[in-house]
Amino acid sequence: MTVMSNTLDQKPAALDKNDEQILGPLPTEMRRHLCYTLGHPNSNGDLKYYYQALALAVRDRVCQQWQATRQRFASSTGRRVHYLSLEFLLGRSLNNAVLNLDLAESVKSALKQYGCELEEVAEAELDAGLGNGGLGRLAACFLDSCANLELPVAGYGIRYEFGMFHQHIENGRQVEDPDHWLRDGNPWEIKRPESTRTIKLYGHTERYHDAEGVPHSRWVGTQDLLALPFDMPIPGYKNETVNTLRLWKATTTDVFDLAEFNSGSYPEAVAEKNNAEQISMVLYPNDASENGKELRLKQQYFLVSASLQDVLAQWVNQYGDDFTDFGKKNCFQLNDTHPASAVPELMRLLMDEHGLAWDDAWKITSECMAYTNHTLLPEALERWSVGLFSHLLPRLLEIIYEINERFLGEVAKLYPGDLEIRKRVSLIEEGDHPHIRMAYLSIVGSFSVNGVAALHTELLKSGLFSDFYKIWPKKFNNKTNGVTQRRWLSHCNPGLRGLLNDTIGDQWEANLEEMAKLADFADDPAFHERWAEVKLANKRRLAEYVKENTGIVFPENAMFDVQVKRIHEYKRQLLNVMHVVHLYDRIRRGETQGMVPRCVLIGGKAAPGYHIAKLIVKLTNNVANVINNDPKNDLLKLVFFPNYRVSAMEVICPGTELSEQISTAGKEASGTGNMKFMMNGALTIGTLDGANIEIREKAGEENFFLFGMDANEVTQTRKDYRPNEIISADSDIRRVMELIEGGHFNANEPGIFDLLTSGVRNSEDQWLTIADFRSYIDAQQQVEATYQDQKKWNRMSILNSAHSGWFSSDRTIQQYADEIWGVKPLER
Ligand SMILES: *Cc1c(COP(=O)(O)O)cnc(C)c1O
């Protein structure tokens with residue numbers, strides 16, 4: 001296919017006008033793919049083949065626009081952005097492509113010939129789960145917004161053979177299954193072997209002098225492997241722009257070491273291939289915690305080196321080997337510190353491979369690196385042991401030491417005689433086992449450092465990075481996260497989409513600020529009725545989904561109360577479960593005045609090695625079991641929803657009425673689930689944490705259920721925290737503890753929840769669950785009182801959606817483009 005023959009770093013041939021005519025009508029194209037690409041002329045009713053044939057036919061449409069975008073890209077001379085991320089949590093692609101290319105009608109007729117609907121066929125697509133949670137999903141929303149805004153931004157990531165594990169529940173406990181998402185092939189990717197890059201590992205460094213006597217370093221005796229790129233299209237919304245996500249697969253060259261071959265180790269040489277392929281085999285399933293494994297460091301360097309070489313090759317192709325303007329014309333956005341080795345790696349490539357001197361290479365590097373911090377949790381701050389680094393990446397370690405030496409020299413000039421600050425800001429944490437502080441390396445190497453919500457950025461400046469903020473105040477900036485309304489409203493909530501289009505027009509799909517027009521209808525009874533109808537239909541769809549996945553029936557008149565996100569102590573799913581136990585306790589005691597029927601859904605994956613998080617899953621399931629099977633209870637349901645993922649959230653968030661955002665203040669950097677719920681008309685019960693603060697400001701404080709301590713009060717409380725006194729003094733809380741501690745939910749498994757109960761009773765409890773419990777109970781009573789007044793509830797719900805415009809990732813990306821990247825849309 002001629003349209004596919006070009007790569008990013010080669011000059012594309014002019015688009016042949018005839019290419020556009022090669023494709024027939026979509027129904028014909030789907031039939032052709034079914035018969036000839038897949039060899040299943042009638043699919044035997046297997047939806048999988050219908051999905052694949054349709055996806056290929058749609059992809060061909062995408063490819064036309066993709067090729068045209070690549071040409072605009074290749075002939076542009078403006079700045080380009082490369083978004084480096086170890087995670088892209090894309091979810092499904094078919095519906096997104098159909099929506100963005102406006103193909104709904106022709107897809108309908110294509111499927112009609114087989115008697116099926118897009119909805120059921122789309123279900124056959126496996127999620128591309130190449131991420132853990134918020135950070136990976138943010139990268140996916142960002143790519144969508146960049147394409148919507150026609151910005152010259154390419155994503156770079158790893159093509160993991162196995163994405164985020166699948167979760168199922170056995171006897172209430174999480175069990176992990178591998179996610180072999182590529183098993184049936186991936187119709188969205190295009191392999192680009194002509195852009196393969198070579199990656200070095202291990203070996204050692206040497207000094208040498210060139211012909212002019214200038215000293216250089218080289219990295220020799222390495223074990224090399226190959227990075228093979230696969231491109232995924234990122235279609236913009238009805239704008240004929242298709243950007244690229246390039247994912248690298250690790251492999252080896254087929255050229256075997258002849259000496260080894262002759263010494264009889266041919267099988268070993270072939271087996272090496274397997275070894276190399278380990279690097280892109282599996283996504284590490286840790287969210288907000290580092291694990292320090294050598295394979296993970298290899299993954300990080302593999303992504304970084306392949307991507308930087310790719311961009312440098314594009315540069316050489318376009319501008320030759322003068323790198324003077326490279327930093328002005330390129331920007332690398334580092335999604336957390338995971339790709340932080342981009343700083344020393346770009347230095348290495350510029351110096352060792354392209355002959356630049358240190359000062360020139362440093363000027364370029366620090367002109368084009370930008371770093372996004374995603375967390376303040378100490379356990380998530382990446383530190384790599386110097387020993388491991390010197391073994392795996394000896395040349396990079398040399399460069400890091402030199403960056404540090406020069407940086408500390410500058411610090412010494414700024415703060416003469418202050419040895420303490422030099423120790424505090426050093427890129428190397430000294431000690432028996434010295435470590436490299438990857439966040440500090442990222443700050444020193446970047447021209448921009450941003451947090452992901454207003455509070456988070458302030459806490460970075462005043463806490464974690466305060467020394468650096470003093471040195472470089474202008475580097476620091478905030479970019480409050482956002483989510484794409486194309487996936488998180490248009491696609492996932494067609495009922496609301498229709499109502500919005502009838503009411504305020506369809507401009508909100510490309511510009512979410514248009515949603516503000518909804519506020520005019522906040523007191524319109526006819527609109528209220530339609531709003532409530534849409535919500536009810538979405539609740540029915542969610543209830544059906546819950547029944548399919550858990551067997552539990554959610555009555556449609558109940559309030560649907562949802563907390564879905566990774567299971568982590570700081571997110572306080574435990575507080576939620578304890579509140580459910582409190583409601584259950586009231587039901588048992590007949591104190592149900594003021595209670596509304598409520599269905600609580602909790603979902604999320606625990607990192608496989610995170611014992612306490614897994615125990616919270618078990619507690620949720622055990623409590624659910626008792627509550628759901630108590631014949632005296634007809635007011636309350638609890639489910640643990642298994643295998644929470646992007647495609648699950650697409651059903652869950654439209655059907656949710658109450659969104660639980662209850663983290664310990666100061667711990668959730670931003671949150672983005674909170675934004676998806678807000679757009680879809682859920683009300684939030686939440687703490688003053690992350691983007692909740694901005695959600696409350698935009699929605700109006702009267703339209704938000706606030707509880708708990710703020711970040712300052714959290715800091716104060718920690719100094720003298722006595723949870724046992726709070727428990728003894730509050731009979732509601734005491735009874736909750738007695739039920740859990742008395743084994744009411746684990747009669748046959750005594751003691752299994754002791755770790756959780758002793759945790760909340762401990763004065764060192766980081767998450768201060770008991771401190772916020774009373775305030776949470778009271779706020780939940782406010783929720784119930786409001787829910788009983790459906791007119792008031794709907795008004796608040798409408799106003800939440802109306803004021804969600806700020807939380808579009810289009811707004812976030814426009815700010816990145818204007819304030820960090822300095823990029824303009826691609827010209828036509
Ligand atoms: C949005 C999203 C997240 C992030 O949720 P938070 O509540 O912000 O932690 C995680 N996982 C999936 C699948 C998501 O869609």
# chains A, B, ... in the order shown; residues from 1 in each chain; ligands from 1
>>> closest_atom_pairs(of="chain A", to="ligand 1", cutoff="7 Å", atoms="only C-alpha atoms and all ligand atoms", output="Markdown table")
| residue | atom | partner | partner_atom_place_in_ligand_line | distance |
| --- | --- | --- | --- | --- |
| A:Asn132 | CA | ligand 1 | 11 (N) | 6.8 |
| A:Gly133 | CA | ligand 1 | 10 (C) | 3.6 |
| A:Gly134 | CA | ligand 1 | 4 (C) | 3.6 |
| A:Arg137 | CA | ligand 1 | 2 (C) | 6.0 |
| A:Val564 | CA | ligand 1 | 7 (O) | 6.2 |
| A:Lys565 | CA | ligand 1 | 9 (O) | 4.5 |
| A:Arg566 | CA | ligand 1 | 9 (O) | 6.0 |
| A:Tyr644 | CA | ligand 1 | 13 (C) | 6.2 |
| A:Arg645 | CA | ligand 1 | 13 (C) | 3.9 |
| A:Val646 | CA | ligand 1 | 13 (C) | 3.9 |
| A:Met649 | CA | ligand 1 | 15 (O) | 5.6 |
| A:Ser670 | CA | ligand 1 | 8 (O) | 6.9 |
| A:Gly671 | CA | ligand 1 | 8 (O) | 3.3 |
| A:Thr672 | CA | ligand 1 | 8 (O) | 3.8 |
| A:Gly673 | CA | ligand 1 | 7 (O) | 3.8 |
| A:Asn674 | CA | ligand 1 | 7 (O) | 5.9 |
>>> residues_around(residues="region 338-346 of chain A", least_positions_apart="6", cutoff="9 Å", atoms="only C-alpha atoms", output="PyMOL selection string")
chain A and resi 84-86+297+300-301+303-305+308-309+332+361-362+364-366+369+371+382+395-400+403+438-439+441-442+445-446
>>> select_by_dssp(residues="region 531-712 of chain A", states="helix (DSSP H, G or I)", output="PyMOL selection string")
chain A and resi 531-550+569-571+573-588+611-628+646-655+673-679+692-699+701-703+711-712
>>> residues_around(residues="region 213-229 of chain A", least_positions_apart="2", cutoff="6 Å", atoms="only C-alpha atoms", output="list in words")
Arg192, Pro193, Thr196, Arg197, Thr198, Ile199, Lys200, Leu201, Tyr202, Gly203, His204, Thr205, Glu206, Arg207, Tyr208, His209, Asp210, Ala211, Leu247, Trp248, Lys249, Ala250, Thr251 and Thr252 of chain A
>>> select_by_dssp(residues="region 561-760 of chain A", states="strand (DSSP E or B)", output="list in words")
Asp561, Val562, Gln563, Val564, Arg598, Cys599, Val600, Leu601, Ile602, Gly603, Leu636, Lys637, Leu638, Val639, Phe640, Phe641, Leu658, Ser659, Glu660, Gln661, Leu683, Thr684, Ile685, Gly686, Phe705 and Leu706 of chain A
>>> write_last_selection(atoms="C-alpha atoms", output="PDB file, in the first residue's frame")
ATOM      1  CA  ASP A 561     -22.562   5.904  44.930  1.00  0.00           C
ATOM      2  CA  VAL A 562     -19.219   5.087  43.248  1.00  0.00           C
ATOM      3  CA  GLN A 563     -15.522   4.989  44.090  1.00  0.00           C
ATOM      4  CA  VAL A 564     -13.370   3.584  41.272  1.00  0.00           C
ATOM      5  CA  ARG A 598     -28.064   3.438  48.349  1.00  0.00           C
ATOM      6  CA  CYS A 599     -25.926   1.217  46.100  1.00  0.00           C
ATOM      7  CA  VAL A 600     -22.218   1.569  46.737  1.00  0.00           C
ATOM      8  CA  LEU A 601     -19.794   0.407  44.044  1.00  0.00           C
ATOM      9  CA  ILE A 602     -16.074   0.175  44.742  1.00  0.00           C
ATOM     10  CA  GLY A 603     -13.626  -0.945  42.069  1.00  0.00           C
ATOM     11  CA  LEU A 636     -28.164  -0.789  51.168  1.00  0.00           C
ATOM     12  CA  LYS A 637     -26.069  -2.688  48.615  1.00  0.00           C
ATOM     13  CA  LEU A 638     -22.307  -2.900  48.284  1.00  0.00           C
ATOM     14  CA  VAL A 639     -20.311  -4.434  45.419  1.00  0.00           C
ATOM     15  CA  PHE A 640     -16.679  -4.738  44.587  1.00  0.00           C
ATOM     16  CA  PHE A 641     -16.615  -4.333  40.803  1.00  0.00           C
ATOM     17  CA  LEU A 658     -22.312  10.374  43.777  1.00  0.00           C
ATOM     18  CA  SER A 659     -18.577  10.477  43.069  1.00  0.00           C
ATOM     19  CA  GLU A 660     -16.307   9.566  45.997  1.00  0.00           C
ATOM     20  CA  GLN A 661     -13.052  11.613  46.028  1.00  0.00           C
ATOM     21  CA  LEU A 683     -22.120  15.237  42.499  1.00  0.00           C
ATOM     22  CA  THR A 684     -18.841  14.944  44.371  1.00  0.00           C
ATOM     23  CA  ILE A 685     -18.281  14.164  48.016  1.00  0.00           C
ATOM     24  CA  GLY A 686     -14.673  15.026  48.598  1.00  0.00           C
ATOM     25  CA  PHE A 705     -20.202  17.965  49.459  1.00  0.00           C
ATOM     26  CA  LEU A 706     -17.064  18.937  51.328  1.00  0.00           C
TER      27      LEU A 706
END
>>> atom_distance(atom1="CA of Arg487 (chain A)", atom2="CA of Phe142 (chain A)")
11.8 Å
>>> residues_around(residues="Glu556 (chain A)", least_positions_apart="3", cutoff="8 Å", atoms="only C-alpha atoms", output="list in words")
Leu536, Lys539, Arg540, Ala543 and Met559 of chain A
>>> residues_around(residues="Trp472 (chain A)", least_positions_apart="5", cutoff="10 Å", atoms="only C-alpha atoms", output="NGL selection string")
:A and (443-444 or 447-449 or 466-467)
>>> residues_around(residues="Lys571 (chain A)", least_positions_apart="5", cutoff="7 Å", atoms="only C-alpha atoms", output="PyMOL selection string")
chain A and resi 662-664
>>> closest_residue(among="A:Thr717, A:Gln780, A:Asn450, A:Asn243", to="His579 (chain A)", atoms="only C-alpha atoms")
A:Gln780
>>> atom_distance(atom1="CA of Gln485 (chain A)", atom2="CA of Arg92 (chain A)")
15.3 Å
>>> residues_around(residues="Asn680 (chain A)", least_positions_apart="2", cutoff="8 Å", atoms="only C-alpha atoms", output="number ranges by chain")
A: 489, 493, 496, 653-654, 676-678, 682, 801
>>> atom_distance(atom1="CA of Pro494 (chain A)", atom2="CA of Leu101 (chain A)")
16.5 Å
